[in-house]
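Data file: my_file26.txt. Format and content: compact mmCIF, C-alpha atoms.
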```txt
# COMPACT_ATOMS: atom_id res chain seq x y z
CA MET A 1 82.42 94.22 113.00
CA ASN A 2 83.89 90.82 113.80
CA ASN A 3 87.05 91.41 115.81
CA GLU A 4 88.12 87.77 115.85
CA LEU A 5 91.81 87.31 115.11
CA PHE A 6 92.16 84.25 112.88
CA LEU A 7 95.66 82.80 113.30
CA PRO A 8 95.59 79.01 112.92
CA ALA A 9 98.04 76.93 114.89
CA ILE A 10 100.29 74.55 112.96
CA ALA A 11 102.09 71.47 114.26
CA ASP A 12 105.79 71.13 114.99
CA GLY A 13 107.83 68.79 112.90
CA GLU A 14 110.06 68.60 109.87
CA ASP A 15 109.42 67.38 106.34
CA LYS A 16 112.76 66.10 105.02
CA ASN A 17 111.35 66.17 101.50
CA SER A 18 110.17 69.78 101.52
CA PRO A 19 112.57 72.58 102.47
CA LEU A 20 109.88 75.08 101.40
CA LYS A 21 107.39 73.67 103.87
CA ASN A 22 109.93 73.68 106.68
CA CYS A 23 110.81 77.31 105.99
CA ILE A 24 107.17 78.43 105.91
CA ARG A 25 106.49 76.55 109.15
CA ASN A 26 109.41 78.19 110.96
CA ASN A 27 108.59 81.65 109.65
CA TYR A 28 104.91 81.41 110.51
CA ARG A 29 105.45 80.09 114.02
CA HIS A 30 107.84 82.96 114.71
CA VAL A 31 105.62 85.71 113.25
CA ARG A 32 102.40 84.28 114.74
CA LYS A 33 103.52 85.11 118.29
CA TRP A 34 104.10 88.73 117.31
CA ALA A 35 100.84 88.87 115.31
CA LYS A 36 98.71 87.66 118.23
CA ARG A 37 100.28 90.24 120.52
CA THR A 38 99.76 93.11 118.06
CA ARG A 39 96.33 92.09 116.71
CA THR A 40 97.54 91.61 113.15
CA ASN A 41 96.36 88.89 110.77
CA CYS A 42 98.04 89.91 107.51
CA PHE A 43 101.77 89.32 107.11
CA ARG A 44 104.44 87.56 105.04
CA ILE A 45 105.20 83.91 105.78
CA TYR A 46 107.83 83.28 103.10
CA ASP A 47 110.11 85.85 101.46
CA ARG A 48 112.27 84.18 98.79
CA ASP A 49 114.28 82.56 101.58
CA ILE A 50 115.39 79.63 99.40
CA LYS A 51 116.93 80.31 95.99
CA GLU A 52 115.17 77.38 94.35
CA TYR A 53 111.76 78.76 95.39
CA PRO A 54 111.51 82.33 93.96
CA LEU A 55 108.26 83.09 95.78
CA ALA A 56 106.88 85.41 98.40
CA ILE A 57 103.79 84.22 100.29
CA ASP A 58 101.51 86.53 102.24
CA PHE A 59 98.87 85.45 104.77
CA TYR A 60 95.64 87.46 104.85
CA ALA A 61 93.25 86.22 107.56
CA GLY A 62 93.29 82.64 106.27
CA GLN A 63 93.71 83.51 102.58
CA PHE A 64 97.07 83.35 100.82
CA LEU A 65 98.71 85.43 98.11
CA VAL A 66 101.68 83.80 96.37
CA HIS A 67 103.97 86.10 94.41
CA TYR A 68 106.04 84.37 91.74
CA PHE A 69 109.17 86.29 90.71
CA THR A 70 110.53 85.73 87.23
CA SER A 71 113.30 87.50 85.35
CA THR A 72 111.84 86.55 81.97
CA ARG A 73 108.86 88.06 80.19
CA GLU A 74 108.15 84.86 78.32
CA SER A 75 105.80 83.27 80.84
CA ASP A 76 103.50 84.54 83.57
CA GLU A 77 103.05 81.04 84.96
CA PRO A 78 105.31 79.45 87.60
CA ARG A 79 106.90 76.10 86.84
CA PRO A 80 104.47 73.25 87.57
CA ASP A 81 106.80 71.76 90.18
CA LEU A 82 107.08 75.15 91.93
CA ALA A 83 103.33 75.65 91.96
CA ASP A 84 102.76 72.12 93.24
CA ALA A 85 105.31 72.60 96.03
CA ALA A 86 103.63 75.80 97.20
CA LEU A 87 100.12 74.35 97.05
CA GLU A 88 101.17 71.20 98.88
CA ALA A 89 102.99 73.17 101.60
CA LEU A 90 100.03 75.47 102.27
CA PHE A 91 97.55 72.61 102.27
CA SER A 92 99.72 70.50 104.57
CA LEU A 93 100.43 73.29 107.05
CA PHE A 94 97.17 75.25 106.98
CA HIS A 95 94.70 72.83 105.33
CA ALA A 96 94.26 75.63 102.79
CA PRO A 97 91.89 74.73 99.94
CA LYS A 98 93.05 75.67 96.47
CA GLU A 99 90.45 78.44 96.16
CA SER A 100 92.02 80.26 99.15
CA ILE A 101 95.39 80.49 97.38
CA HIS A 102 95.85 83.30 94.88
CA TRP A 103 98.80 83.92 92.55
CA ARG A 104 100.57 87.01 91.25
CA THR A 105 103.46 86.95 88.80
CA ARG A 106 106.03 89.67 89.41
CA ILE A 107 107.76 90.32 86.09
CA LYS A 108 110.35 93.08 85.86
CA ARG A 109 108.27 95.67 84.05
CA GLU A 110 107.37 99.31 84.37
CA LYS A 111 105.61 100.27 87.58
CA THR A 112 102.84 102.00 85.68
CA GLU A 113 100.67 98.96 86.40
CA GLN A 114 100.13 99.97 90.01
CA TYR A 115 96.51 100.95 89.43
CA GLU A 116 95.66 98.37 86.78
CA LYS A 117 92.56 96.27 87.35
CA THR A 118 92.70 92.57 86.53
CA GLY A 119 89.24 91.23 87.43
CA GLU A 120 85.68 91.94 88.54
CA THR A 121 85.03 89.40 91.30
CA ARG A 122 84.73 92.09 94.03
CA GLU A 123 85.96 89.55 96.58
CA PHE A 124 86.70 92.01 99.39
CA PHE A 125 87.23 90.91 102.97
CA PRO A 126 88.56 92.60 106.14
CA VAL A 127 91.95 92.10 107.77
CA LEU A 128 93.54 93.52 110.91
CA GLU A 129 96.79 95.46 111.22
CA TYR A 130 97.71 96.61 114.72
CA GLY A 131 94.02 96.34 115.57
CA VAL A 132 92.91 98.56 112.66
CA HIS A 133 90.62 97.10 109.98
CA PHE A 134 91.27 97.25 106.22
CA LYS A 135 89.45 95.87 103.20
CA VAL A 136 91.62 93.81 100.88
CA ASN A 137 91.06 92.10 97.55
CA LEU A 138 93.43 89.33 96.45
CA VAL A 139 91.84 88.80 93.04
CA ASP A 140 90.83 91.92 91.14
CA TYR A 141 93.90 94.16 91.37
CA LEU A 142 97.65 93.86 90.95
CA ASP A 143 97.94 95.05 94.56
CA THR A 144 95.71 93.99 97.43
CA GLY A 145 94.80 97.40 98.89
CA LEU A 146 97.38 97.21 101.68
CA PHE A 147 101.15 97.33 101.17
CA LEU A 148 102.35 95.06 103.97
CA ASP A 149 105.95 96.27 103.82
CA HIS A 150 104.91 99.69 105.18
CA ARG A 151 103.21 98.34 108.31
CA GLU A 152 105.87 99.76 110.65
CA THR A 153 105.89 103.12 108.84
CA ARG A 154 102.14 103.36 109.37
CA LYS A 155 102.66 102.57 113.05
CA MET A 156 105.26 105.35 113.33
CA VAL A 157 102.87 107.84 111.78
CA ALA A 158 100.03 106.69 114.02
CA LEU A 159 102.13 107.20 117.15
CA MET A 160 102.75 110.81 116.11
CA ALA A 161 99.18 111.48 114.95
CA PRO A 162 97.06 112.26 118.05
CA GLN A 163 95.58 115.77 117.72
CA LYS A 164 97.62 116.35 114.56
CA ARG A 165 96.72 117.26 110.96
CA LEU A 166 97.97 114.76 108.39
CA LEU A 167 98.36 115.05 104.61
CA ASN A 168 98.65 111.73 102.75
CA LEU A 169 99.91 112.06 99.14
CA PHE A 170 99.66 109.19 96.65
CA ALA A 171 97.29 107.85 99.27
CA TYR A 172 96.20 104.65 97.45
CA THR A 173 93.52 103.18 99.78
CA CYS A 174 94.33 105.70 102.55
CA SER A 175 95.91 103.25 105.00
CA PHE A 176 98.22 105.88 106.52
CA SER A 177 95.25 108.19 106.99
CA VAL A 178 93.12 105.47 108.59
CA HIS A 179 95.85 104.57 111.08
CA ALA A 180 96.35 108.24 111.92
CA ALA A 181 92.62 108.83 112.37
CA ALA A 182 92.25 105.70 114.52
CA ALA A 183 95.08 107.00 116.70
CA GLY A 184 93.32 110.34 117.22
CA ALA A 185 94.41 112.65 114.38
CA SER A 186 92.26 115.77 114.36
CA PHE A 187 92.17 115.94 110.54
CA THR A 188 93.48 113.98 107.54
CA LYS A 189 93.51 114.72 103.83
CA SER A 190 94.14 111.90 101.35
CA VAL A 191 95.09 112.70 97.74
CA ASP A 192 95.20 110.16 94.92
CA MET A 193 94.44 110.13 91.19
CA SER A 194 92.19 107.08 91.33
CA ASN A 195 88.51 107.39 92.23
CA THR A 196 88.47 103.64 92.85
CA TYR A 197 91.09 103.85 95.57
CA ILE A 198 89.74 107.04 97.11
CA GLU A 199 86.35 105.32 97.53
CA TRP A 200 88.11 102.23 98.89
CA GLY A 201 89.86 104.49 101.39
CA LYS A 202 86.56 105.97 102.56
CA GLN A 203 85.27 102.45 103.16
CA ASN A 204 88.36 101.70 105.27
CA PHE A 205 87.46 104.67 107.49
CA LEU A 206 83.87 103.51 107.85
CA LEU A 207 85.01 99.93 108.48
CA ASN A 208 86.67 101.25 111.65
CA GLY A 209 83.67 103.34 112.69
CA ILE A 210 85.50 106.58 111.92
CA PRO A 211 83.13 109.32 110.67
CA LEU A 212 84.30 111.09 107.51
CA LYS A 213 83.42 114.53 108.90
CA ASN A 214 87.00 115.57 109.75
CA HIS A 215 88.67 113.65 106.94
CA SER A 216 89.00 114.91 103.39
CA PHE A 217 89.56 112.98 100.14
CA MET A 218 90.71 114.43 96.83
CA ARG A 219 91.06 112.87 93.39
CA GLU A 220 93.95 114.88 92.01
CA ASP A 221 97.43 114.72 90.53
CA CYS A 222 99.63 115.20 93.62
CA LEU A 223 102.02 117.52 91.79
CA LYS A 224 99.14 119.79 90.75
CA PHE A 225 97.69 119.58 94.25
CA LEU A 226 100.95 120.80 95.78
CA GLU A 227 100.93 123.83 93.48
CA GLN A 228 97.46 124.83 94.71
CA GLU A 229 97.25 123.75 98.35
CA ARG A 230 97.42 126.43 101.04
CA GLU A 231 96.46 124.54 104.20
CA LYS A 232 99.10 123.55 106.76
CA TYR A 233 99.83 120.16 108.32
CA ASP A 234 101.77 118.64 111.20
CA LEU A 235 102.49 115.38 109.34
CA ILE A 236 102.89 114.62 105.64
CA VAL A 237 103.31 111.17 104.09
CA ILE A 238 104.63 110.79 100.53
CA ASP A 239 104.86 107.25 99.14
CA PRO A 240 104.85 107.72 95.35
CA PRO A 241 105.14 105.15 92.54
CA THR A 242 108.56 104.87 90.93
CA ILE A 243 107.11 105.82 87.54
CA SER A 244 103.61 106.78 86.48
CA ARG A 245 102.35 107.48 82.97
CA SER A 246 98.69 107.98 83.80
CA LYS A 247 96.55 109.66 81.14
CA LYS A 248 95.22 111.91 83.91
CA MET A 249 98.63 113.56 84.32
CA ASP A 250 100.15 116.28 82.15
CA LYS A 251 103.51 114.51 82.10
CA MET A 252 105.15 111.29 83.19
CA PHE A 253 106.02 111.14 86.89
CA ASP A 254 109.49 109.83 87.72
CA VAL A 255 110.39 109.69 91.41
CA GLN A 256 114.09 110.33 90.77
CA GLU A 257 113.42 113.38 88.63
CA ASP A 258 110.49 114.77 90.62
CA TYR A 259 111.30 114.07 94.28
CA VAL A 260 113.01 117.42 94.93
CA PHE A 261 110.00 119.37 93.66
CA LEU A 262 107.64 117.00 95.47
CA ILE A 263 109.33 117.25 98.86
CA SER A 264 110.14 120.97 98.57
CA LYS A 265 106.53 121.88 97.83
CA ALA A 266 105.28 119.60 100.60
CA LEU A 267 107.68 121.13 103.12
CA ASN A 268 106.03 124.50 102.48
CA LEU A 269 102.81 123.00 103.83
CA LEU A 270 104.34 121.84 107.13
CA TYR A 271 103.94 123.75 110.36
CA PRO A 272 107.28 124.63 112.03
CA GLY A 273 108.47 121.50 113.78
CA GLY A 274 106.38 119.30 111.49
CA THR A 275 107.48 115.94 110.04
CA LEU A 276 107.42 114.52 106.53
CA PHE A 277 107.83 110.82 105.77
CA PHE A 278 109.10 110.05 102.25
CA SER A 279 109.50 106.52 100.89
CA THR A 280 110.24 104.78 97.62
CA ASN A 281 110.50 101.22 96.32
CA SER A 282 112.99 102.23 93.64
CA ARG A 283 116.23 100.28 94.02
CA GLU A 284 118.20 102.86 91.99
CA PHE A 285 116.90 105.92 93.82
CA ASP A 286 119.56 108.44 94.91
CA PHE A 287 118.53 110.83 97.69
CA ASP A 288 120.51 114.09 97.75
CA GLU A 289 120.14 115.50 101.26
CA SER A 290 121.89 118.72 100.25
CA GLN A 291 118.71 119.72 98.42
CA PHE A 292 117.00 120.24 101.79
CA GLU A 293 119.60 122.04 103.90
CA ARG A 294 117.12 123.62 106.29
CA CYS A 295 115.77 120.25 107.39
CA SER A 296 116.78 117.47 109.72
CA ILE A 297 116.87 114.24 107.66
CA LEU A 298 117.04 110.68 109.00
CA ASP A 299 117.22 107.53 106.89
CA ILE A 300 114.83 105.30 108.86
CA SER A 301 114.66 102.49 106.31
CA LYS A 302 115.92 99.77 108.66
CA LYS A 303 113.39 100.74 111.34
CA THR A 304 110.51 100.51 108.85
CA ILE A 305 111.22 96.99 107.52
CA PRO A 306 108.75 94.59 109.23
CA ILE A 307 110.01 91.44 110.95
CA ASP A 308 108.31 89.22 108.36
CA PHE A 309 110.14 90.82 105.41
CA HIS A 310 113.58 89.32 104.93
CA ASN A 311 114.42 91.52 101.94
CA GLN A 312 115.93 94.56 103.63
CA LYS A 313 115.76 96.53 100.38
CA ILE A 314 112.00 96.22 99.86
CA HIS A 315 111.74 99.99 100.33
CA ARG A 316 113.66 103.00 101.60
CA CYS A 317 112.24 105.64 103.92
CA TRP A 318 113.31 109.04 105.26
CA LYS A 319 111.98 111.12 108.14
CA ILE A 320 112.34 114.80 107.31
CA SER A 321 111.70 117.37 110.04
CA THR A 322 111.47 121.13 109.80
CA ARG A 323 113.13 123.38 112.35
CA SER A 324 110.92 124.67 115.14
CA THR A 325 110.73 128.43 115.35
CA SER A 326 111.67 130.13 118.60
CA PRO A 327 108.78 131.31 120.75
```
For this file, produce the structure as structure tokens.
Amino acid sequence: MNNELFLPAIADGEDKNSPLKNCIRNNYRHVRKWAKRTRTNCFRIYDRDIKEYPLAIDFYAGQFLVHYFTSTRESDEPRPDLADAALEALFSLFHAPKESIHWRTRIKREKTEQYEKTGETREFFPVLEYGVHFKVNLVDYLDTGLFLDHRETRKMVALMAPQKRLLNLFAYTCSFSVHAAAAGASFTKSVDMSNTYIEWGKQNFLLNGIPLKNHSFMREDCLKFLEQEREKYDLIVIDPPTISRSKKMDKMFDVQEDYVFLISKALNLLYPGGTLFFSTNSREFDFDESQFERCSILDISKKTIPIDFHNQKIHRCWKISTRSTSP
């Protein structure tokens, strides 16, 4: 495994003709110092900071993913002048060739596309997050394999994980599980409905030299799993989609309608004194704490927003703890 941290230096200066370039330069120079210290080479370098440039740009070990946000469904393509400005800025600052810059259009549509495949290039490559390796793909899927906005949440879980048992629901590519295992978790179980992402998760474990012996993977509807599971855990992570209409499920999943059942069932699997992390990207989500009166609940959203994300509403996150029983 090549442990080299690739974080190119860029020159000082100001381009009076390109506010986008100036913003990317300032953001990158600020985040780069943190990234070198934490051994991280995947992060956001522009987050819709300027109204005229409705983009988010992520850096992945020398590759770039540009998200174009549009409120219309009429076109998936950014305006030519917007695309040119982004390409010119990245080439000027990073000498990035066009083939290293990948585009995603973020249209306001149902979130059922989370697991949709868009290509077959199989262009996987490794990145580092807090010194832990992950495989990403910027071409074939709507998402890359690593949700950057939950970097700090993963770090929180990892700090609590040594010698603990972790259950990871809606596990995607198992990044929470990998961080926990790398930090010394005694056991992890990752549950997701996609074979593709479960296999991807296994490869993330192996990429870090972590044997699969004490780590379990299940392809299953998480709601069904919670009805059947009898094992107990110290830590549980639940990061569900907002809506899912998968053919593999008996009914549509809606986080607002199903979160009480989801959390209540998961709490039954926690050891006394255990902790559950619940998060959602739904902007309209309403969390009713009165549904879980026997728990200690903290809204930790602000603490889980990374320094490179300027949108403070990118997700919301709660830390839910069960009461310890008296000895």
Which residues, written as a CSV table (one decimal) with C-alpha atoms, keeping the file's coordinate frame, have at least one atom at most 12 Å from Thr173 in chain A, with all atoms listed in the file counted and residues fewer than 2 positions away on the same chain left out?
```
chain,number,residue,atom,x,y,z
A,115,TYR,CA,96.5,101.0,89.4
A,134,PHE,CA,91.3,97.2,106.2
A,135,LYS,CA,89.4,95.9,103.2
A,136,VAL,CA,91.6,93.8,100.9
A,137,ASN,CA,91.1,92.1,97.6
A,143,ASP,CA,97.9,95.0,94.6
A,144,THR,CA,95.7,94.0,97.4
A,145,GLY,CA,94.8,97.4,98.9
A,146,LEU,CA,97.4,97.2,101.7
A,147,PHE,CA,101.2,97.3,101.2
A,168,ASN,CA,98.6,111.7,102.8
A,169,LEU,CA,99.9,112.1,99.1
A,170,PHE,CA,99.7,109.2,96.6
A,171,ALA,CA,97.3,107.8,99.3
A,175,SER,CA,95.9,103.2,105.0
A,176,PHE,CA,98.2,105.9,106.5
A,177,SER,CA,95.2,108.2,107.0
A,178,VAL,CA,93.1,105.5,108.6
A,179,HIS,CA,95.8,104.6,111.1
A,190,SER,CA,94.1,111.9,101.4
A,191,VAL,CA,95.1,112.7,97.7
A,192,ASP,CA,95.2,110.2,94.9
A,193,MET,CA,94.4,110.1,91.2
A,194,SER,CA,92.2,107.1,91.3
A,195,ASN,CA,88.5,107.4,92.2
A,196,THR,CA,88.5,103.6,92.8
A,197,TYR,CA,91.1,103.8,95.6
A,198,ILE,CA,89.7,107.0,97.1
A,199,GLU,CA,86.4,105.3,97.5
A,200,TRP,CA,88.1,102.2,98.9
A,201,GLY,CA,89.9,104.5,101.4
A,202,LYS,CA,86.6,106.0,102.6
A,203,GLN,CA,85.3,102.4,103.2
A,204,ASN,CA,88.4,101.7,105.3
A,205,PHE,CA,87.5,104.7,107.5
A,217,PHE,CA,89.6,113.0,100.1
A,218,MET,CA,90.7,114.4,96.8
A,219,ARG,CA,91.1,112.9,93.4
```
*Mind pulling up the distance from CA of Glu229 in chain A to CA of Leu207 in chain A?*
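Between CA of Leu207 in chain A and CA of Glu229 in chain A the gap works out to 28.6 Å.
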*Quote the spacing between CA of Thr242 in chain A and CA of Tyr46 in chain A in Å to one decimal place.*
24.8 Å
*Quick one: residues within 10 Å of Asn268 in chain A, only C-alpha atoms counted, chain neighbours fewer than 2 positions away excluded, as a ChimeraX atom specification?*
/A:226,229-233,263-266,270-272,322
Select from range 242-292 of chain A every residue with an atom at most 10 Å from any atom of range 153-162 of chain A, then for each give the shortest pair of atoms and their distance in Å to one decimal, using only C-alpha atoms, rows by chain and rising number, as CSV.
```
residue,atom,partner,partner_atom,distance
A:Thr275,CA,A:Met160,CA,9.2
A:Leu276,CA,A:Val157,CA,9.6
A:Phe277,CA,A:Val157,CA,8.3
A:Ser279,CA,A:Thr153,CA,9.4
```
*Could you give me, as an MDAnalysis selection string, the residues within 8 Å of Ala182 in chain A, counting only C-alpha atoms and dropping anything in the same chain fewer than 6 positions from it?*
chainID A and resid 132 158 208 210
*Could you state the separation of CA of Asp286 in chain A and CA of His315 in chain A in Å, given to one decimal place?*
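So the answer is 12.7 Å.
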Repaired coordinates for range 302-325 of chain A (N, CA and C atoms) as a PDB file, in the coordinates of the input:
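Full text of result-v7.pdb as output:
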```
ATOM      1  N   LYS A 302     115.784 101.000 107.882  1.00  0.00           N
ATOM      2  CA  LYS A 302     115.920  99.770 108.660  1.00  0.00           C
ATOM      3  C   LYS A 302     114.821  99.652 109.717  1.00  0.00           C
ATOM      4  N   LYS A 303     114.424 100.762 110.303  1.00  0.00           N
ATOM      5  CA  LYS A 303     113.390 100.740 111.340  1.00  0.00           C
ATOM      6  C   LYS A 303     112.001 100.471 110.758  1.00  0.00           C
ATOM      7  N   THR A 304     111.841 100.666 109.451  1.00  0.00           N
ATOM      8  CA  THR A 304     110.510 100.510 108.850  1.00  0.00           C
ATOM      9  C   THR A 304     110.335  99.170 108.139  1.00  0.00           C
ATOM     10  N   ILE A 305     111.367  98.307 108.138  1.00  0.00           N
ATOM     11  CA  ILE A 305     111.220  96.990 107.520  1.00  0.00           C
ATOM     12  C   ILE A 305     110.588  96.039 108.551  1.00  0.00           C
ATOM     13  N   PRO A 306     109.415  95.467 108.261  1.00  0.00           N
ATOM     14  CA  PRO A 306     108.750  94.590 109.230  1.00  0.00           C
ATOM     15  C   PRO A 306     109.537  93.296 109.474  1.00  0.00           C
ATOM     16  N   ILE A 307     109.275  92.643 110.588  1.00  0.00           N
ATOM     17  CA  ILE A 307     110.010  91.440 110.950  1.00  0.00           C
ATOM     18  C   ILE A 307     109.755  90.280 109.987  1.00  0.00           C
ATOM     19  N   ASP A 308     108.640  90.314 109.275  1.00  0.00           N
ATOM     20  CA  ASP A 308     108.310  89.220 108.360  1.00  0.00           C
ATOM     21  C   ASP A 308     108.878  89.427 106.966  1.00  0.00           C
ATOM     22  N   PHE A 309     109.503  90.569 106.700  1.00  0.00           N
ATOM     23  CA  PHE A 309     110.140  90.820 105.410  1.00  0.00           C
ATOM     24  C   PHE A 309     111.640  90.630 105.548  1.00  0.00           C
ATOM     25  N   HIS A 310     112.162  89.642 104.834  1.00  0.00           N
ATOM     26  CA  HIS A 310     113.580  89.320 104.930  1.00  0.00           C
ATOM     27  C   HIS A 310     114.404  90.084 103.896  1.00  0.00           C
ATOM     28  N   ASN A 311     113.747  90.668 102.912  1.00  0.00           N
ATOM     29  CA  ASN A 311     114.420  91.520 101.940  1.00  0.00           C
ATOM     30  C   ASN A 311     114.539  92.919 102.522  1.00  0.00           C
ATOM     31  N   GLN A 312     115.719  93.275 102.961  1.00  0.00           N
ATOM     32  CA  GLN A 312     115.930  94.560 103.630  1.00  0.00           C
ATOM     33  C   GLN A 312     115.889  95.742 102.667  1.00  0.00           C
ATOM     34  N   LYS A 313     115.793  95.453 101.370  1.00  0.00           N
ATOM     35  CA  LYS A 313     115.760  96.530 100.380  1.00  0.00           C
ATOM     36  C   LYS A 313     114.379  96.673  99.743  1.00  0.00           C
ATOM     37  N   ILE A 314     113.347  96.172 100.415  1.00  0.00           N
ATOM     38  CA  ILE A 314     112.000  96.220  99.860  1.00  0.00           C
ATOM     39  C   ILE A 314     111.537  97.665  99.651  1.00  0.00           C
ATOM     40  N   HIS A 315     112.000  98.564 100.528  1.00  0.00           N
ATOM     41  CA  HIS A 315     111.740  99.990 100.330  1.00  0.00           C
ATOM     42  C   HIS A 315     112.788 100.774 101.099  1.00  0.00           C
ATOM     43  N   ARG A 316     112.827 102.081 100.827  1.00  0.00           N
ATOM     44  CA  ARG A 316     113.660 103.000 101.600  1.00  0.00           C
ATOM     45  C   ARG A 316     112.765 104.110 102.120  1.00  0.00           C
ATOM     46  N   CYS A 317     113.122 104.661 103.286  1.00  0.00           N
ATOM     47  CA  CYS A 317     112.240 105.640 103.920  1.00  0.00           C
ATOM     48  C   CYS A 317     113.059 106.674 104.692  1.00  0.00           C
ATOM     49  N   TRP A 318     112.644 107.943 104.569  1.00  0.00           N
ATOM     50  CA  TRP A 318     113.310 109.040 105.260  1.00  0.00           C
ATOM     51  C   TRP A 318     112.305 109.809 106.115  1.00  0.00           C
ATOM     52  N   LYS A 319     112.760 110.255 107.260  1.00  0.00           N
ATOM     53  CA  LYS A 319     111.980 111.120 108.140  1.00  0.00           C
ATOM     54  C   LYS A 319     112.603 112.504 108.072  1.00  0.00           C
ATOM     55  N   ILE A 320     111.837 113.457 107.553  1.00  0.00           N
ATOM     56  CA  ILE A 320     112.340 114.800 107.310  1.00  0.00           C
ATOM     57  C   ILE A 320     111.591 115.771 108.221  1.00  0.00           C
ATOM     58  N   SER A 321     112.338 116.471 109.059  1.00  0.00           N
ATOM     59  CA  SER A 321     111.700 117.370 110.040  1.00  0.00           C
ATOM     60  C   SER A 321     112.115 118.805 109.769  1.00  0.00           C
ATOM     61  N   THR A 322     111.178 119.713 109.931  1.00  0.00           N
ATOM     62  CA  THR A 322     111.470 121.130 109.800  1.00  0.00           C
ATOM     63  C   THR A 322     111.912 121.676 111.158  1.00  0.00           C
ATOM     64  N   ARG A 323     112.648 122.768 111.115  1.00  0.00           N
ATOM     65  CA  ARG A 323     113.130 123.380 112.350  1.00  0.00           C
ATOM     66  C   ARG A 323     111.980 124.087 113.070  1.00  0.00           C
ATOM     67  N   SER A 324     111.911 123.919 114.359  1.00  0.00           N
ATOM     68  CA  SER A 324     110.920 124.670 115.140  1.00  0.00           C
ATOM     69  C   SER A 324     111.344 126.121 115.253  1.00  0.00           C
ATOM     70  N   THR A 325     110.398 127.023 115.172  1.00  0.00           N
ATOM     71  CA  THR A 325     110.730 128.430 115.350  1.00  0.00           C
ATOM     72  C   THR A 325     110.773 128.772 116.840  1.00  0.00           C
TER      73      THR A 325
END
```
